[in-house]
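Printed here is upload-v1.pdb (PDB, C-alpha atoms, pLDDT in the B column):
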```
MODEL        1
ATOM      1  CA  MET A  94      -5.611-108.317 -10.229  1.00 49.00           C
ATOM      2  CA  ARG A  95      -5.805-106.226  -7.041  1.00 63.00           C
ATOM      3  CA  GLY A  96      -6.003-103.007  -9.083  1.00 67.00           C
ATOM      4  CA  GLU A  97      -8.929-104.369 -11.077  1.00 84.00           C
ATOM      5  CA  LYS A  98     -10.702-105.394  -7.857  1.00 87.00           C
ATOM      6  CA  HIS A  99     -10.200-101.920  -6.379  1.00 90.00           C
ATOM      7  CA  PHE A 100     -11.379-100.320  -9.630  1.00 91.00           C
ATOM      8  CA  ARG A 101     -14.616-102.344  -9.554  1.00 92.00           C
ATOM      9  CA  LEU A 102     -15.123-101.451  -5.895  1.00 91.00           C
ATOM     10  CA  GLY A 103     -14.654 -97.740  -6.637  1.00 92.00           C
ATOM     11  CA  VAL A 104     -17.116 -97.921  -9.542  1.00 92.00           C
ATOM     12  CA  ALA A 105     -19.634 -99.727  -7.304  1.00 95.00           C
ATOM     13  CA  VAL A 106     -19.313 -96.984  -4.659  1.00 96.00           C
ATOM     14  CA  ALA A 107     -19.727 -94.311  -7.359  1.00 96.00           C
ATOM     15  CA  LEU A 108     -22.887 -96.004  -8.658  1.00 96.00           C
ATOM     16  CA  ALA A 109     -24.298 -96.397  -5.130  1.00 98.00           C
ATOM     17  CA  VAL A 110     -23.694 -92.706  -4.361  1.00 98.00           C
ATOM     18  CA  LEU A 111     -25.225 -91.727  -7.699  1.00 97.00           C
ATOM     19  CA  VAL A 112     -28.367 -93.825  -7.136  1.00 98.00           C
ATOM     20  CA  VAL A 113     -28.909 -92.596  -3.561  1.00 98.00           C
ATOM     21  CA  ASP A 114     -28.232 -88.995  -4.621  1.00 98.00           C
ATOM     22  CA  GLN A 115     -30.628 -89.033  -7.562  1.00 98.00           C
ATOM     23  CA  ALA A 116     -33.331 -90.921  -5.633  1.00 98.00           C
ATOM     24  CA  SER A 117     -33.138 -88.442  -2.741  1.00 97.00           C
ATOM     25  CA  LYS A 118     -33.319 -85.479  -5.132  1.00 96.00           C
ATOM     26  CA  TRP A 119     -36.302 -87.005  -6.934  1.00 95.00           C
ATOM     27  CA  TRP A 120     -38.032 -87.454  -3.571  1.00 93.00           C
ATOM     28  CA  VAL A 121     -37.278 -83.875  -2.530  1.00 93.00           C
ATOM     29  CA  LEU A 122     -38.500 -82.440  -5.841  1.00 92.00           C
ATOM     30  CA  THR A 123     -41.744 -84.397  -5.690  1.00 89.00           C
ATOM     31  CA  THR A 124     -42.307 -83.836  -1.956  1.00 85.00           C
ATOM     32  CA  LEU A 125     -40.956 -80.370  -1.143  1.00 81.00           C
ATOM     33  CA  GLY A 126     -41.048 -78.791  -4.598  1.00 69.00           C
ATOM     34  CA  PRO A 127     -44.708 -77.811  -4.861  1.00 63.00           C
ATOM     35  CA  ARG A 128     -45.130 -76.789  -1.208  1.00 64.00           C
ATOM     36  CA  GLY A 129     -41.827 -75.024  -0.758  1.00 68.00           C
ATOM     37  CA  THR A 130     -42.006 -75.433   2.999  1.00 78.00           C
ATOM     38  CA  PRO A 131     -39.177 -77.135   4.874  1.00 81.00           C
ATOM     39  CA  LEU A 132     -39.604 -80.567   6.386  1.00 85.00           C
ATOM     40  CA  VAL A 133     -38.286 -80.474   9.954  1.00 85.00           C
ATOM     41  CA  LEU A 134     -36.639 -83.807  10.769  1.00 87.00           C
ATOM     42  CA  LEU A 135     -34.822 -82.954  14.003  1.00 89.00           C
ATOM     43  CA  PRO A 136     -34.333 -79.747  15.990  1.00 88.00           C
ATOM     44  CA  VAL A 137     -30.994 -79.417  14.159  1.00 92.00           C
ATOM     45  CA  LEU A 138     -31.892 -80.826  10.712  1.00 92.00           C
ATOM     46  CA  ASP A 139     -34.364 -79.760   8.022  1.00 92.00           C
ATOM     47  CA  PHE A 140     -34.992 -80.717   4.427  1.00 92.00           C
ATOM     48  CA  ARG A 141     -35.402 -77.470   2.486  1.00 90.00           C
ATOM     49  CA  LEU A 142     -35.372 -77.283  -1.320  1.00 91.00           C
ATOM     50  CA  VAL A 143     -32.735 -74.870  -2.644  1.00 89.00           C
ATOM     51  CA  ARG A 144     -31.890 -74.317  -6.306  1.00 88.00           C
ATOM     52  CA  ASN A 145     -28.088 -74.110  -6.385  1.00 85.00           C
ATOM     53  CA  THR A 146     -26.769 -72.515  -9.578  1.00 79.00           C
ATOM     54  CA  GLY A 147     -23.218 -72.342  -8.202  1.00 71.00           C
ATOM     55  CA  ILE A 148     -20.799 -75.091  -7.250  1.00 62.00           C
ATOM     56  CA  THR A 149     -20.520 -77.160  -4.052  1.00 54.00           C
ATOM     57  CA  PHE A 150     -22.228 -75.498  -1.070  1.00 51.00           C
ATOM     58  CA  GLY A 151     -23.505 -72.659  -3.291  1.00 52.00           C
ATOM     59  CA  LEU A 152     -20.100 -71.149  -4.055  1.00 54.00           C
ATOM     60  CA  LEU A 153     -20.114 -68.951  -7.193  1.00 54.00           C
ATOM     61  CA  ASN A 154     -23.917 -68.904  -7.006  1.00 54.00           C
ATOM     62  CA  GLY A 155     -25.406 -66.613  -9.623  1.00 54.00           C
ATOM     63  CA  SER A 156     -22.124 -66.145 -11.463  1.00 52.00           C
ATOM     64  CA  ALA A 157     -23.114 -65.654 -15.105  1.00 51.00           C
ATOM     65  CA  ILE A 158     -19.765 -66.725 -16.556  1.00 51.00           C
ATOM     66  CA  PHE A 159     -20.085 -70.113 -14.851  1.00 54.00           C
ATOM     67  CA  GLY A 160     -23.128 -71.474 -16.644  1.00 64.00           C
ATOM     68  CA  PRO A 161     -24.472 -74.968 -16.002  1.00 66.00           C
ATOM     69  CA  LEU A 162     -22.807 -76.395 -19.105  1.00 72.00           C
ATOM     70  CA  LEU A 163     -19.353 -75.011 -18.243  1.00 75.00           C
ATOM     71  CA  LEU A 164     -19.599 -76.313 -14.664  1.00 73.00           C
ATOM     72  CA  ALA A 165     -20.813 -79.695 -15.930  1.00 76.00           C
ATOM     73  CA  LEU A 166     -17.886 -79.948 -18.361  1.00 82.00           C
ATOM     74  CA  ALA A 167     -15.397 -79.024 -15.647  1.00 81.00           C
ATOM     75  CA  ALA A 168     -16.883 -81.616 -13.288  1.00 79.00           C
ATOM     76  CA  MET A 169     -16.748 -84.316 -15.950  1.00 84.00           C
ATOM     77  CA  ALA A 170     -13.082 -83.502 -16.625  1.00 88.00           C
ATOM     78  CA  VAL A 171     -12.456 -84.048 -12.913  1.00 86.00           C
ATOM     79  CA  VAL A 172     -14.357 -87.368 -13.081  1.00 85.00           C
ATOM     80  CA  VAL A 173     -12.139 -88.520 -15.963  1.00 89.00           C
ATOM     81  CA  GLY A 174      -9.066 -87.682 -13.870  1.00 88.00           C
ATOM     82  CA  LEU A 175     -10.581 -89.542 -10.916  1.00 85.00           C
ATOM     83  CA  GLY A 176     -11.165 -92.564 -13.159  1.00 85.00           C
ATOM     84  CA  ILE A 177      -7.487 -92.615 -14.082  1.00 85.00           C
ATOM     85  CA  TRP A 178      -6.533 -92.326 -10.415  1.00 88.00           C
ATOM     86  CA  LEU A 179      -9.013 -95.073  -9.534  1.00 85.00           C
ATOM     87  CA  SER A 180      -7.450 -97.413 -12.094  1.00 87.00           C
ATOM     88  CA  ARG A 181      -4.179 -97.049 -10.156  1.00 85.00           C
ATOM     89  CA  ALA A 182      -5.631 -97.258  -6.625  1.00 87.00           C
ATOM     90  CA  GLU A 183      -3.783 -99.751  -4.438  1.00 86.00           C
ATOM     91  CA  ARG A 184      -5.890 -99.477  -1.279  1.00 89.00           C
ATOM     92  CA  VAL A 185      -9.569-100.056  -0.592  1.00 91.00           C
ATOM     93  CA  LEU A 186     -10.001 -96.718   1.203  1.00 92.00           C
ATOM     94  CA  VAL A 187      -8.578 -94.817  -1.751  1.00 92.00           C
ATOM     95  CA  ALA A 188     -10.805 -96.675  -4.222  1.00 94.00           C
ATOM     96  CA  CYS A 189     -13.934 -96.064  -2.119  1.00 95.00           C
ATOM     97  CA  SER A 190     -13.049 -92.398  -1.611  1.00 95.00           C
ATOM     98  CA  ILE A 191     -12.467 -91.790  -5.302  1.00 93.00           C
ATOM     99  CA  GLY A 192     -15.721 -93.594  -6.071  1.00 94.00           C
ATOM    100  CA  ALA A 193     -17.641 -91.408  -3.603  1.00 96.00           C
ATOM    101  CA  ILE A 194     -16.195 -88.223  -5.104  1.00 96.00           C
ATOM    102  CA  ALA A 195     -16.876 -89.343  -8.683  1.00 94.00           C
ATOM    103  CA  GLY A 196     -20.428 -90.514  -7.895  1.00 96.00           C
ATOM    104  CA  GLY A 197     -21.197 -87.209  -6.201  1.00 95.00           C
ATOM    105  CA  ALA A 198     -19.752 -85.194  -9.060  1.00 92.00           C
ATOM    106  CA  VAL A 199     -21.775 -87.112 -11.650  1.00 94.00           C
ATOM    107  CA  GLY A 200     -24.935 -86.707  -9.535  1.00 95.00           C
ATOM    108  CA  ASN A 201     -24.546 -82.936  -9.545  1.00 92.00           C
ATOM    109  CA  VAL A 202     -23.679 -82.915 -13.268  1.00 90.00           C
ATOM    110  CA  ILE A 203     -26.928 -84.742 -14.022  1.00 93.00           C
ATOM    111  CA  ASP A 204     -28.844 -82.010 -12.169  1.00 93.00           C
ATOM    112  CA  ARG A 205     -27.039 -79.221 -14.023  1.00 87.00           C
ATOM    113  CA  LEU A 206     -27.691 -80.747 -17.430  1.00 87.00           C
ATOM    114  CA  ARG A 207     -31.286 -81.746 -16.657  1.00 91.00           C
ATOM    115  CA  LEU A 208     -32.437 -78.746 -14.602  1.00 89.00           C
ATOM    116  CA  GLY A 209     -29.807 -76.030 -15.088  1.00 84.00           C
ATOM    117  CA  TRP A 210     -29.186 -76.066 -11.307  1.00 87.00           C
ATOM    118  CA  VAL A 211     -28.356 -78.530  -8.534  1.00 90.00           C
ATOM    119  CA  VAL A 212     -30.977 -79.763  -6.074  1.00 93.00           C
ATOM    120  CA  ASP A 213     -29.757 -79.027  -2.542  1.00 93.00           C
ATOM    121  CA  PHE A 214     -31.946 -79.860   0.423  1.00 93.00           C
ATOM    122  CA  ILE A 215     -30.118 -80.892   3.627  1.00 94.00           C
ATOM    123  CA  GLN A 216     -29.833 -78.049   6.135  1.00 92.00           C
ATOM    124  CA  ALA A 217     -28.066 -78.586   9.447  1.00 92.00           C
ATOM    125  CA  HIS A 218     -28.399 -75.857  12.064  1.00 92.00           C
ATOM    126  CA  ALA A 219     -27.900 -75.366  15.788  1.00 91.00           C
ATOM    127  CA  PHE A 220     -27.730 -72.520  18.312  1.00 89.00           C
ATOM    128  CA  GLY A 221     -28.503 -69.857  15.702  1.00 85.00           C
ATOM    129  CA  TRP A 222     -25.882 -71.151  13.268  1.00 89.00           C
ATOM    130  CA  SER A 223     -26.774 -72.728   9.949  1.00 84.00           C
ATOM    131  CA  TRP A 224     -24.561 -74.659   7.547  1.00 83.00           C
ATOM    132  CA  TYR A 225     -24.889 -74.395   3.776  1.00 84.00           C
ATOM    133  CA  VAL A 226     -27.768 -76.351   2.315  1.00 89.00           C
ATOM    134  CA  PHE A 227     -26.269 -79.392   0.572  1.00 93.00           C
ATOM    135  CA  ASN A 228     -27.216 -82.782  -0.885  1.00 96.00           C
ATOM    136  CA  VAL A 229     -26.072 -86.411  -0.802  1.00 97.00           C
ATOM    137  CA  ALA A 230     -23.606 -85.795  -3.652  1.00 96.00           C
ATOM    138  CA  ASP A 231     -21.964 -82.907  -1.786  1.00 94.00           C
ATOM    139  CA  ALA A 232     -21.707 -85.013   1.380  1.00 96.00           C
ATOM    140  CA  ALA A 233     -20.110 -87.880  -0.580  1.00 97.00           C
ATOM    141  CA  ILE A 234     -17.600 -85.505  -2.164  1.00 95.00           C
ATOM    142  CA  VAL A 235     -16.617 -83.963   1.171  1.00 95.00           C
ATOM    143  CA  CYS A 236     -16.361 -87.355   2.922  1.00 96.00           C
ATOM    144  CA  GLY A 237     -14.349 -88.773   0.013  1.00 96.00           C
ATOM    145  CA  VAL A 238     -11.895 -85.881   0.070  1.00 95.00           C
ATOM    146  CA  ALA A 239     -11.570 -86.120   3.872  1.00 96.00           C
ATOM    147  CA  ALA A 240     -10.870 -89.863   3.630  1.00 94.00           C
ATOM    148  CA  LEU A 241      -8.227 -89.263   0.938  1.00 93.00           C
ATOM    149  CA  LEU A 242      -6.556 -86.654   3.139  1.00 94.00           C
ATOM    150  CA  LEU A 243      -6.536 -89.023   6.111  1.00 93.00           C
ATOM    151  CA  ASP A 244      -5.189 -91.809   3.916  1.00 91.00           C
ATOM    152  CA  GLY A 245      -2.468 -89.476   2.675  1.00 89.00           C
ATOM    153  CA  ILE A 246      -1.474 -88.681   6.238  1.00 89.00           C
ATOM    154  CA  PHE A 247      -1.853 -92.095   7.878  1.00 86.00           C
ATOM    155  CA  GLY A 248      -2.390 -94.692   5.143  1.00 76.00           C
ATOM    156  CA  ASP A 249       1.055 -95.351   3.734  1.00 67.00           C
ATOM    157  CA  ARG A 250       2.888 -96.491   6.870  1.00 61.00           C
ATOM    158  CA  ARG A 251       6.123 -98.449   6.932  1.00 49.00           C
ATOM    159  CA  HIS A 252       6.877-101.273   9.366  1.00 49.00           C
ATOM    160  CA  ASP A 253       8.372 -98.783  11.854  1.00 52.00           C
ATOM    161  CA  GLY A 254       5.210 -96.638  11.968  1.00 54.00           C
ATOM    162  CA  ARG A 255       6.595 -93.689   9.988  1.00 52.00           C
ATOM    163  CA  PRO A 256       5.126 -92.647   6.654  1.00 52.00           C
ATOM    164  CA  ALA A 257       6.937 -94.120   3.657  1.00 52.00           C
ATOM    165  CA  GLY A 258       9.438 -91.769   2.086  1.00 46.00           C
ATOM    166  CA  MET A 259      10.362 -89.938   5.285  1.00 43.00           C
ATOM    167  CA  LEU A 260      13.958 -88.957   5.656  1.00 44.00           C
ATOM    168  CA  GLY A 261      16.052 -90.496   8.377  1.00 47.00           C
ATOM    169  CA  ALA A 262      14.971 -94.126   8.085  1.00 46.00           C
ATOM    170  CA  PRO A 263      16.413 -96.462  10.771  1.00 52.00           C
ATOM    171  CA  ASP A 264      18.915 -97.998   8.325  1.00 49.00           C
ATOM    172  CA  GLU A 265      20.390 -94.568   7.596  1.00 50.00           C
ATOM    173  CA  GLU A 266      20.676 -93.797  11.297  1.00 49.00           C
ATOM    174  CA  LYS A 267      22.676 -96.982  12.004  1.00 49.00           C
ATOM    175  CA  GLY A 268      25.320 -96.000   9.473  1.00 52.00           C
ATOM    176  CA  ARG A 269      26.198 -92.791  11.325  1.00 49.00           C
TER
ENDMDL
END
```
As structure tokens - that is how I would like this structure written.
Amino acid sequence: MRGEKHFRLGVAVALAVLVVDQASKWWVLTTLGPRGTPLVLLPVLDFRLVRNTGITFGLLNGSAIFGPLLLALAAMAVVVGLGIWLSRAERVLVACSIGAIAGGAVGNVIDRLRLGWVVDFIQAHAFGWSWYVFNVADAAIVCGVAALLLDGIFGDRRHDGRPAGMLGAPDEEKGR
């Protein structure tokens, strides 16, 4: 029963990410698209429409062999794998993280299939440095991966505070 509950939670997170991602991209396309000028929100944050034909954060941008359809198919294969992982998730953090990654991936796939490119628009910058322009889907993917990494490091603790599966458990030490 717990696995089913975690699965539903992960799907709910994926749907929430997908809705927020697509709504924000619709807003950006209808607001920034025709003007093409950035919307300055804070001294360190702008909304600036960028047509990303590559993968996350513009990697492989303009690479002819990685067309929108091929990238969309690869992303959907990853989503299928995430769905299998989600069906086996035993912790809330893992389920939410997988959901965030899957929702973000599907959001970017929708853009690729609908537009042939991904709508990126969030630009953080400070002191002459600027980060890649990204979107809600990219942020969800990065946060989901970071949470999975932290869960992998700290999430599976035993009663003695050490990660499960570590060599040299207290019972083994007593026998020496």
- So which residues fall inside 9 Å of (-26.4, -79.9, -8.2) if we count only C-alpha atoms? Mind giving them as a PyMOL selection string? chain A and resi 144-149+198+200-205+208-213+227-228+230-231
Dump C-alpha atoms for the selected residues as a CSV table (one decimal), keeping the file's coordinate frame?
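Okay, result_6.csv is ready:
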```csv
chain,number,residue,atom,x,y,z
A,144,ARG,CA,-31.9,-74.3,-6.3
A,145,ASN,CA,-28.1,-74.1,-6.4
A,146,THR,CA,-26.8,-72.5,-9.6
A,147,GLY,CA,-23.2,-72.3,-8.2
A,148,ILE,CA,-20.8,-75.1,-7.2
A,149,THR,CA,-20.5,-77.2,-4.1
A,198,ALA,CA,-19.8,-85.2,-9.1
A,200,GLY,CA,-24.9,-86.7,-9.5
A,201,ASN,CA,-24.5,-82.9,-9.5
A,202,VAL,CA,-23.7,-82.9,-13.3
A,203,ILE,CA,-26.9,-84.7,-14.0
A,204,ASP,CA,-28.8,-82.0,-12.2
A,205,ARG,CA,-27.0,-79.2,-14.0
A,208,LEU,CA,-32.4,-78.7,-14.6
A,209,GLY,CA,-29.8,-76.0,-15.1
A,210,TRP,CA,-29.2,-76.1,-11.3
A,211,VAL,CA,-28.4,-78.5,-8.5
A,212,VAL,CA,-31.0,-79.8,-6.1
A,213,ASP,CA,-29.8,-79.0,-2.5
A,227,PHE,CA,-26.3,-79.4,0.6
A,228,ASN,CA,-27.2,-82.8,-0.9
A,230,ALA,CA,-23.6,-85.8,-3.7
A,231,ASP,CA,-22.0,-82.9,-1.8
```
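A straight line drawn from atom CA of A:Thr130 to atom CA of A:Gln216 is 12.8 Å long.
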- Item | Best match for closeness to A:Arg181 among A:Val106, A:Ala240, A:Glu97, A:Ile234, counting only C-alpha atoms |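 Looking at the shortest contact to A:Arg181, the residue is A:Glu97.
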Explicit residue set for the PyMOL selection byres ((chain A and resi 116-123) around 8), as a PDB file with C-alpha atoms, in the coordinates of the input:
```pdb
ATOM      1  CA  VAL A 112     -28.367 -93.825  -7.136  1.00 98.00           C
ATOM      2  CA  VAL A 113     -28.909 -92.596  -3.561  1.00 98.00           C
ATOM      3  CA  ASP A 114     -28.232 -88.995  -4.621  1.00 98.00           C
ATOM      4  CA  GLN A 115     -30.628 -89.033  -7.562  1.00 98.00           C
ATOM      5  CA  THR A 124     -42.307 -83.836  -1.956  1.00 85.00           C
ATOM      6  CA  LEU A 125     -40.956 -80.370  -1.143  1.00 81.00           C
ATOM      7  CA  GLY A 126     -41.048 -78.791  -4.598  1.00 69.00           C
ATOM      8  CA  PRO A 127     -44.708 -77.811  -4.861  1.00 63.00           C
ATOM      9  CA  PHE A 140     -34.992 -80.717   4.427  1.00 92.00           C
ATOM     10  CA  LEU A 142     -35.372 -77.283  -1.320  1.00 91.00           C
ATOM     11  CA  VAL A 212     -30.977 -79.763  -6.074  1.00 93.00           C
ATOM     12  CA  ASP A 213     -29.757 -79.027  -2.542  1.00 93.00           C
ATOM     13  CA  PHE A 214     -31.946 -79.860   0.423  1.00 93.00           C
ATOM     14  CA  ASN A 228     -27.216 -82.782  -0.885  1.00 96.00           C
ATOM     15  CA  VAL A 229     -26.072 -86.411  -0.802  1.00 97.00           C
TER      16      VAL A 229
END
```
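Shown here are all protein and nucleic acid residues lying within 12 Å of (-19.4, -99.0, -6.8), with all atoms listed in the file considered: A:Lys98, A:His99, A:Phe100, A:Arg101, A:Leu102, A:Gly103, A:Val104, A:Ala105, A:Val106, A:Ala107, A:Leu108, A:Ala109, A:Val110, A:Leu111, A:Val112, A:Val113, A:Leu179, A:Val185, A:Ala188, A:Cys189, A:Ser190, A:Ile191, A:Gly192, A:Ala193, A:Ile194, A:Ala195, A:Gly196, A:Gly197.
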